[in-house]
file structure16.cif (mmCIF, C-alpha atoms and all ligand atoms)
data_work
loop_
_atom_site.group_PDB
_atom_site.id
_atom_site.type_symbol
_atom_site.label_atom_id
_atom_site.label_comp_id
_atom_site.auth_asym_id
_atom_site.auth_seq_id
_atom_site.Cartn_x
_atom_site.Cartn_y
_atom_site.Cartn_z
ATOM 1 C CA MET A 1400 -37.621 -9.267 -29.487
ATOM 2 C CA VAL A 1401 -33.827 -9.012 -29.703
ATOM 3 C CA THR A 1402 -32.099 -8.936 -26.336
ATOM 4 C CA PRO A 1403 -29.345 -6.291 -26.310
ATOM 5 C CA ARG A 1404 -25.954 -7.886 -25.812
ATOM 6 C CA PRO A 1405 -24.044 -7.012 -22.651
ATOM 7 C CA PHE A 1406 -21.467 -4.225 -22.684
ATOM 8 C CA ALA A 1407 -18.259 -5.744 -24.070
ATOM 9 C CA LEU A 1408 -14.909 -5.015 -22.444
ATOM 10 C CA CYS A 1409 -11.749 -5.834 -24.374
ATOM 11 C CA VAL A 1410 -8.834 -6.525 -22.040
ATOM 12 C CA TYR A 1411 -5.202 -6.520 -23.142
ATOM 13 C CA CYS A 1412 -2.710 -8.181 -20.788
ATOM 14 C CA SER A 1413 0.319 -10.439 -20.470
ATOM 15 C CA ALA A 1414 0.523 -13.897 -21.991
ATOM 16 C CA GLY A 1415 3.907 -14.432 -20.325
ATOM 17 C CA THR A 1416 4.167 -13.725 -16.632
ATOM 18 C CA SER A 1417 3.519 -16.352 -13.979
ATOM 19 C CA ASP A 1418 3.905 -13.919 -11.077
ATOM 20 C CA PRO A 1419 0.983 -14.675 -8.733
ATOM 21 C CA ALA A 1420 0.377 -10.976 -7.996
ATOM 22 C CA TYR A 1421 -0.295 -10.269 -11.686
ATOM 23 C CA LEU A 1422 -2.391 -13.416 -12.114
ATOM 24 C CA ASP A 1423 -4.436 -12.297 -9.117
ATOM 25 C CA LEU A 1424 -4.934 -8.846 -10.643
ATOM 26 C CA ALA A 1425 -6.167 -10.434 -13.881
ATOM 27 C CA ALA A 1426 -8.526 -12.692 -11.931
ATOM 28 C CA ARG A 1427 -9.937 -9.717 -10.018
ATOM 29 C CA VAL A 1428 -10.560 -7.929 -13.306
ATOM 30 C CA GLY A 1429 -12.321 -11.008 -14.712
ATOM 31 C CA ALA A 1430 -14.493 -11.266 -11.613
ATOM 32 C CA GLU A 1431 -15.457 -7.599 -11.926
ATOM 33 C CA VAL A 1432 -16.466 -8.099 -15.567
ATOM 34 C CA GLY A 1433 -18.864 -10.790 -14.364
ATOM 35 C CA ARG A 1434 -20.075 -8.731 -11.409
ATOM 36 C CA ARG A 1435 -21.025 -5.858 -13.722
ATOM 37 C CA GLY A 1436 -22.857 -8.188 -16.105
ATOM 38 C CA TRP A 1437 -20.464 -7.339 -18.932
ATOM 39 C CA GLN A 1438 -18.934 -9.650 -21.497
ATOM 40 C CA LEU A 1439 -15.214 -10.165 -21.965
ATOM 41 C CA VAL A 1440 -13.335 -9.885 -25.235
ATOM 42 C CA SER A 1441 -9.765 -11.122 -24.924
ATOM 43 C CA GLY A 1442 -6.882 -12.710 -26.783
ATOM 44 C CA GLY A 1443 -8.295 -16.224 -26.535
ATOM 45 C CA GLY A 1444 -5.278 -17.773 -24.819
ATOM 46 C CA ASN A 1445 -5.439 -19.802 -21.637
ATOM 47 C CA VAL A 1446 -2.000 -18.893 -20.333
ATOM 48 C CA SER A 1447 -0.682 -16.380 -17.823
ATOM 49 C CA MET A 1448 -2.851 -13.323 -17.088
ATOM 50 C CA MET A 1449 -5.013 -13.977 -20.163
ATOM 51 C CA GLY A 1450 -6.023 -17.370 -18.796
ATOM 52 C CA ALA A 1451 -6.633 -16.115 -15.258
ATOM 53 C CA LEU A 1452 -8.738 -13.272 -16.630
ATOM 54 C CA ALA A 1453 -11.030 -15.389 -18.822
ATOM 55 C CA THR A 1454 -11.396 -18.165 -16.246
ATOM 56 C CA ALA A 1455 -12.421 -15.710 -13.527
ATOM 57 C CA ALA A 1456 -14.784 -13.849 -15.853
ATOM 58 C CA ARG A 1457 -16.614 -17.095 -16.705
ATOM 59 C CA ALA A 1458 -16.689 -18.114 -13.050
ATOM 60 C CA GLY A 1459 -18.359 -14.759 -12.416
ATOM 61 C CA GLY A 1460 -21.002 -15.472 -15.050
ATOM 62 C CA ALA A 1461 -19.589 -13.376 -17.901
ATOM 63 C CA HIS A 1462 -19.900 -14.413 -21.538
ATOM 64 C CA THR A 1463 -16.323 -14.680 -22.823
ATOM 65 C CA VAL A 1464 -15.170 -14.100 -26.376
ATOM 66 C CA GLY A 1465 -11.649 -15.277 -27.193
ATOM 67 C CA VAL A 1466 -9.957 -14.181 -30.406
ATOM 68 C CA ILE A 1467 -6.772 -15.996 -31.376
ATOM 69 C CA PRO A 1468 -4.780 -16.276 -34.602
ATOM 70 C CA LYS A 1469 -4.396 -19.849 -35.799
ATOM 71 C CA HIS A 1470 -0.616 -19.892 -35.424
ATOM 72 C CA LEU A 1471 -0.952 -19.188 -31.686
ATOM 73 C CA VAL A 1472 -3.634 -21.779 -30.945
ATOM 74 C CA HIS A 1473 -1.034 -24.142 -29.439
ATOM 75 C CA ARG A 1474 1.501 -21.662 -28.126
ATOM 76 C CA GLU A 1475 -1.042 -19.625 -26.171
ATOM 77 C CA VAL A 1476 -3.198 -22.691 -25.381
ATOM 78 C CA ALA A 1477 -6.464 -21.631 -27.011
ATOM 79 C CA ASP A 1478 -9.132 -21.040 -24.395
ATOM 80 C CA VAL A 1479 -11.450 -23.832 -25.525
ATOM 81 C CA ASP A 1480 -13.841 -23.054 -22.674
ATOM 82 C CA SER A 1481 -14.607 -19.642 -24.220
ATOM 83 C CA ASP A 1482 -18.280 -19.105 -24.922
ATOM 84 C CA GLU A 1483 -17.083 -17.961 -28.356
ATOM 85 C CA LEU A 1484 -13.625 -18.847 -29.647
ATOM 86 C CA ILE A 1485 -12.828 -17.003 -32.864
ATOM 87 C CA VAL A 1486 -9.750 -18.294 -34.718
ATOM 88 C CA THR A 1487 -8.389 -15.765 -37.199
ATOM 89 C CA ASP A 1488 -5.926 -16.264 -40.033
ATOM 90 C CA THR A 1489 -3.621 -13.473 -38.926
ATOM 91 C CA MET A 1490 -2.634 -11.355 -35.942
ATOM 92 C CA ARG A 1491 -3.964 -8.261 -37.691
ATOM 93 C CA GLN A 1492 -7.386 -9.854 -38.043
ATOM 94 C CA ARG A 1493 -7.273 -10.771 -34.357
ATOM 95 C CA LYS A 1494 -6.771 -7.155 -33.370
ATOM 96 C CA GLN A 1495 -9.505 -5.985 -35.734
ATOM 97 C CA VAL A 1496 -12.031 -8.499 -34.424
ATOM 98 C CA MET A 1497 -11.166 -7.649 -30.816
ATOM 99 C CA GLU A 1498 -11.582 -3.956 -31.551
ATOM 100 C CA ASP A 1499 -14.846 -4.445 -33.448
ATOM 101 C CA ARG A 1500 -16.339 -6.596 -30.701
ATOM 102 C CA ALA A 1501 -15.383 -4.152 -27.915
ATOM 103 C CA ASP A 1502 -17.288 -1.242 -26.424
ATOM 104 C CA ALA A 1503 -14.302 -0.219 -24.288
ATOM 105 C CA PHE A 1504 -10.668 -1.183 -23.726
ATOM 106 C CA LEU A 1505 -8.818 -1.976 -20.522
ATOM 107 C CA THR A 1506 -5.071 -2.546 -20.501
ATOM 108 C CA LEU A 1507 -3.343 -4.388 -17.654
ATOM 109 C CA PRO A 1508 0.374 -4.979 -17.184
ATOM 110 C CA GLY A 1509 1.896 -6.788 -20.149
ATOM 111 C CA GLY A 1510 4.804 -6.952 -22.541
ATOM 112 C CA ILE A 1511 5.345 -5.983 -26.162
ATOM 113 C CA GLY A 1512 2.169 -7.715 -27.378
ATOM 114 C CA THR A 1513 0.052 -5.814 -24.865
ATOM 115 C CA LEU A 1514 1.818 -2.565 -25.738
ATOM 116 C CA GLU A 1515 1.239 -3.118 -29.431
ATOM 117 C CA GLU A 1516 -2.466 -3.771 -28.911
ATOM 118 C CA PHE A 1517 -2.821 -0.786 -26.579
ATOM 119 C CA PHE A 1518 -1.043 1.623 -28.932
ATOM 120 C CA GLU A 1519 -3.040 0.516 -31.943
ATOM 121 C CA ALA A 1520 -6.366 0.999 -30.133
ATOM 122 C CA TRP A 1521 -5.145 4.318 -28.682
ATOM 123 C CA THR A 1522 -3.882 5.784 -31.938
ATOM 124 C CA GLY A 1523 -7.003 4.537 -33.738
ATOM 125 C CA GLY A 1524 -9.186 6.359 -31.233
ATOM 126 C CA HIS A 1525 -7.075 9.498 -31.433
ATOM 127 C CA LEU A 1526 -7.362 9.498 -35.224
ATOM 128 C CA GLY A 1527 -11.140 9.162 -35.019
ATOM 129 C CA GLN A 1528 -11.489 5.520 -36.071
ATOM 130 C CA HIS A 1529 -13.460 4.765 -32.925
ATOM 131 C CA ALA A 1530 -14.754 6.645 -29.898
ATOM 132 C CA LYS A 1531 -14.503 3.824 -27.378
ATOM 133 C CA PRO A 1532 -13.186 4.689 -23.907
ATOM 134 C CA MET A 1533 -9.804 3.359 -22.804
ATOM 135 C CA ALA A 1534 -8.278 2.792 -19.388
ATOM 136 C CA ILE A 1535 -5.096 1.347 -17.958
ATOM 137 C CA LEU A 1536 -5.270 -0.388 -14.597
ATOM 138 C CA ASP A 1537 -1.802 -0.259 -13.086
ATOM 139 C CA PRO A 1538 -1.631 -0.856 -9.325
ATOM 140 C CA VAL A 1539 2.124 -1.536 -9.369
ATOM 141 C CA GLY A 1540 3.666 1.243 -11.448
ATOM 142 C CA HIS A 1541 4.269 -1.058 -14.435
ATOM 143 C CA TYR A 1542 3.594 1.860 -16.823
ATOM 144 C CA THR A 1543 5.131 4.700 -14.804
ATOM 145 C CA GLY A 1544 8.215 4.910 -17.009
ATOM 146 C CA LEU A 1545 6.125 4.895 -20.178
ATOM 147 C CA PHE A 1546 3.893 7.735 -19.024
ATOM 148 C CA THR A 1547 6.837 9.754 -17.724
ATOM 149 C CA TRP A 1548 8.319 9.470 -21.204
ATOM 150 C CA LEU A 1549 4.997 10.343 -22.847
ATOM 151 C CA ALA A 1550 4.716 13.438 -20.634
ATOM 152 C CA GLY A 1551 8.116 14.527 -21.968
ATOM 153 C CA LEU A 1552 6.945 13.905 -25.515
ATOM 154 C CA ARG A 1553 3.926 16.113 -24.828
ATOM 155 C CA GLU A 1554 6.169 18.905 -23.537
ATOM 156 C CA HIS A 1555 8.150 18.810 -26.761
ATOM 157 C CA GLY A 1556 5.053 18.765 -28.947
ATOM 158 C CA PHE A 1557 5.223 15.162 -30.098
ATOM 159 C CA VAL A 1558 2.074 13.967 -28.308
ATOM 160 C CA PRO A 1559 -1.016 16.157 -28.015
ATOM 161 C CA GLN A 1560 -2.669 16.615 -24.648
ATOM 162 C CA ALA A 1561 -5.944 15.488 -26.251
ATOM 163 C CA ALA A 1562 -4.418 12.079 -26.945
ATOM 164 C CA LEU A 1563 -3.274 11.688 -23.335
ATOM 165 C CA ASP A 1564 -6.696 12.777 -22.132
ATOM 166 C CA ARG A 1565 -8.268 9.798 -23.908
ATOM 167 C CA ILE A 1566 -6.612 7.415 -21.445
ATOM 168 C CA THR A 1567 -7.687 6.902 -17.853
ATOM 169 C CA LEU A 1568 -4.596 5.721 -15.985
ATOM 170 C CA THR A 1569 -5.391 4.496 -12.494
ATOM 171 C CA ALA A 1570 -4.170 2.138 -9.789
ATOM 172 C CA ASP A 1571 -7.708 1.463 -8.613
ATOM 173 C CA LEU A 1572 -9.803 -1.331 -10.105
ATOM 174 C CA THR A 1573 -13.159 0.294 -9.392
ATOM 175 C CA ALA A 1574 -12.007 3.627 -10.833
ATOM 176 C CA ALA A 1575 -10.847 1.895 -14.017
ATOM 177 C CA PHE A 1576 -14.182 0.156 -14.491
ATOM 178 C CA ASP A 1577 -16.172 3.262 -13.605
ATOM 179 C CA ALA A 1578 -14.232 5.249 -16.214
ATOM 180 C CA LEU A 1579 -15.349 2.771 -18.879
ATOM 181 C CA ASP A 1580 -18.875 2.098 -17.642
ATOM 182 C CA PRO A 1581 -21.473 3.794 -19.862
ATOM 183 C CA GLY A 1582 -23.896 3.841 -16.915
ATOM 184 C CA PHE A 1583 -21.497 5.688 -14.634
ATOM 185 C CA ALA A 1584 -22.365 9.371 -14.740
ATOM 186 C CA ASN A 1585 -19.482 10.917 -12.812
ATOM 187 C CA ARG A 1586 -16.378 9.713 -14.508
ATOM 188 C CA PRO A 1587 -13.308 10.204 -12.326
ATOM 189 C CA GLU A 1588 -10.793 12.833 -13.431
ATOM 190 C CA THR A 1589 -7.952 10.391 -13.844
ATOM 191 C CA GLY A 1590 -6.791 11.050 -17.418
ATOM 192 C CA ALA A 1591 -3.181 10.154 -18.068
ATOM 193 C CA GLY A 1592 -2.467 13.721 -19.056
ATOM 194 C CA ARG A 1593 -3.433 15.164 -15.666
HETATM 195 P P1 LIG B 1 2.632 -9.926 -24.194
HETATM 196 O O1 LIG B 1 2.162 -8.635 -23.628
HETATM 197 O O2 LIG B 1 3.873 -9.787 -25.034
HETATM 198 O O3 LIG B 1 2.705 -11.027 -23.176
HETATM 199 O O4 LIG B 1 1.510 -10.377 -25.244
HETATM 200 C C1 LIG B 1 0.160 -10.309 -24.883
HETATM 201 C C2 LIG B 1 -0.694 -10.756 -26.029
HETATM 202 O O5 LIG B 1 -0.476 -9.884 -27.138
HETATM 203 C C3 LIG B 1 -0.409 -12.172 -26.524
HETATM 204 O O6 LIG B 1 -1.649 -12.821 -26.711
HETATM 205 C C4 LIG B 1 0.248 -11.938 -27.864
HETATM 206 O O7 LIG B 1 -0.072 -12.973 -28.780
HETATM 207 C C5 LIG B 1 -0.397 -10.669 -28.293
HETATM 208 N N1 LIG B 1 0.372 -10.011 -29.354
HETATM 209 C C6 LIG B 1 1.688 -10.052 -29.589
HETATM 210 N N2 LIG B 1 2.030 -9.329 -30.680
HETATM 211 C C7 LIG B 1 0.877 -8.860 -31.170
HETATM 212 C C8 LIG B 1 0.524 -8.079 -32.298
HETATM 213 N N3 LIG B 1 1.431 -7.633 -33.163
HETATM 214 N N4 LIG B 1 -0.775 -7.807 -32.457
HETATM 215 C C9 LIG B 1 -1.702 -8.245 -31.601
HETATM 216 N N5 LIG B 1 -1.437 -8.976 -30.537
HETATM 217 C C10 LIG B 1 -0.170 -9.290 -30.313
#

call {"tool": "encode", "arguments": {"input": "structure16.cif", "output": "structure tokens", "more": "lines below"}}
Ligand code: AMP
result
Amino acid sequence: MVTPRPFALCVYCSAGTSDPAYLDLAARVGAEVGRRGWQLVSGGGNVSMMGALATAARAGGAHTVGVIPKHLVHREVADVDSDELIVTDTMRQRKQVMEDRADAFLTLPGGIGTLEEFFEAWTGGHLGQHAKPMAILDPVGHYTGLFTWLAGLREHGFVPQAALDRITLTADLTAAFDALDPGFANRPETGAGR
């Protein structure tokens, strides 16, 4: 008999900051992945929020899958403790593998790399390439400016409401996980477009 694999959450987050508040947020997310019995798919680095996330997920009993392009193995300190460490030839392959291995996406505060990953998964979902749920956990207003701008783009017809509705934007960790959890019947009404 084949045992079904655990629900796989792909998390995008910073590989740069050393601010303890952000590292703590990443660690709390990792712990929650373990608490829910999920597996973690992440960028396969052991630095900054990415490292705190994967370390806490493993400590919480989660199976962790790290996906890193070969040219970043040293720079992002490949997470050799990953249960699976997948080294890709290119950054594009990294994103594809992360997306393929995920059942849902959670974005935490990050920089241009995080934004790039988030936008690619978001636009892919909007264009019908996948139907996986997406959430942003933002307890500190990191993305307030971005979503204010996106609301303006919606008003002027550049961004459809349906695209905004695909994203659950919340400051609350439990609400973010509940929005992605396939076993959670009453999804909170926290879409970014509301
Ligand atoms: P940052 O948010 O800039 O700290 O980057 C977070 C993660 O995104 C790091 O692991 C980067 O290697 C990764 N990243 C940067 N650029 C890209 C890209 N074009 N595609 C996928 N991941 C990227």

call {"tool": "resolve_selection", "arguments": {"input": "structure16.cif", "expression": "the PyMOL selection byres (((not hetatm)) within 12 of (chain B and resi 1))", "output": "PyMOL selection string"}}
result
chain A and resi 1410-1417+1421+1441-1450+1465-1478+1487+1489-1498+1506-1520

call {"tool": "closest_residue", "arguments": {"input": "structure16.cif", "among": "A:Met1533, A:Ala1407, A:Val1428, A:Leu1505", "to": "A:Thr1463", "atoms": "all atoms listed in the file"}}
result
A:Ala1407

call {"tool": "resolve_selection", "arguments": {"input": "structure16.cif", "expression": "the PyMOL selection byres (((chain A and resi 1461) around 9) and not hetatm)", "output": "PyMOL selection string"}}
result
chain A and resi 1429-1430+1432-1439+1453+1455-1460+1462-1463

call {"tool": "resolve_selection", "arguments": {"input": "structure16.cif", "expression": "the PyMOL selection byres (((chain A and resi 1566) around 10) and not hetatm)", "output": "tab-separated table (two decimals) with C-alpha atoms, in the coordinates of the input"}}
result
chain	number	residue	atom	x	y	z
A	1504	PHE	CA	-10.67	-1.18	-23.73
A	1505	LEU	CA	-8.82	-1.98	-20.52
A	1521	TRP	CA	-5.14	4.32	-28.68
A	1532	PRO	CA	-13.19	4.69	-23.91
A	1533	MET	CA	-9.80	3.36	-22.80
A	1534	ALA	CA	-8.28	2.79	-19.39
A	1535	ILE	CA	-5.10	1.35	-17.96
A	1561	ALA	CA	-5.94	15.49	-26.25
A	1562	ALA	CA	-4.42	12.08	-26.94
A	1563	LEU	CA	-3.27	11.69	-23.34
A	1564	ASP	CA	-6.70	12.78	-22.13
A	1565	ARG	CA	-8.27	9.80	-23.91
A	1567	THR	CA	-7.69	6.90	-17.85
A	1568	LEU	CA	-4.60	5.72	-15.98
A	1569	THR	CA	-5.39	4.50	-12.49
A	1578	ALA	CA	-14.23	5.25	-16.21
A	1589	THR	CA	-7.95	10.39	-13.84
A	1590	GLY	CA	-6.79	11.05	-17.42
A	1591	ALA	CA	-3.18	10.15	-18.07
A	1592	GLY	CA	-2.47	13.72	-19.06

call {"tool": "closest_residue", "arguments": {"input": "structure16.cif", "among": "A:Asp1488, A:Leu1549, A:Ala1420, A:Pro1405", "to": "A:Val1464", "atoms": "only C-alpha atoms"}}
result
A:Pro1405
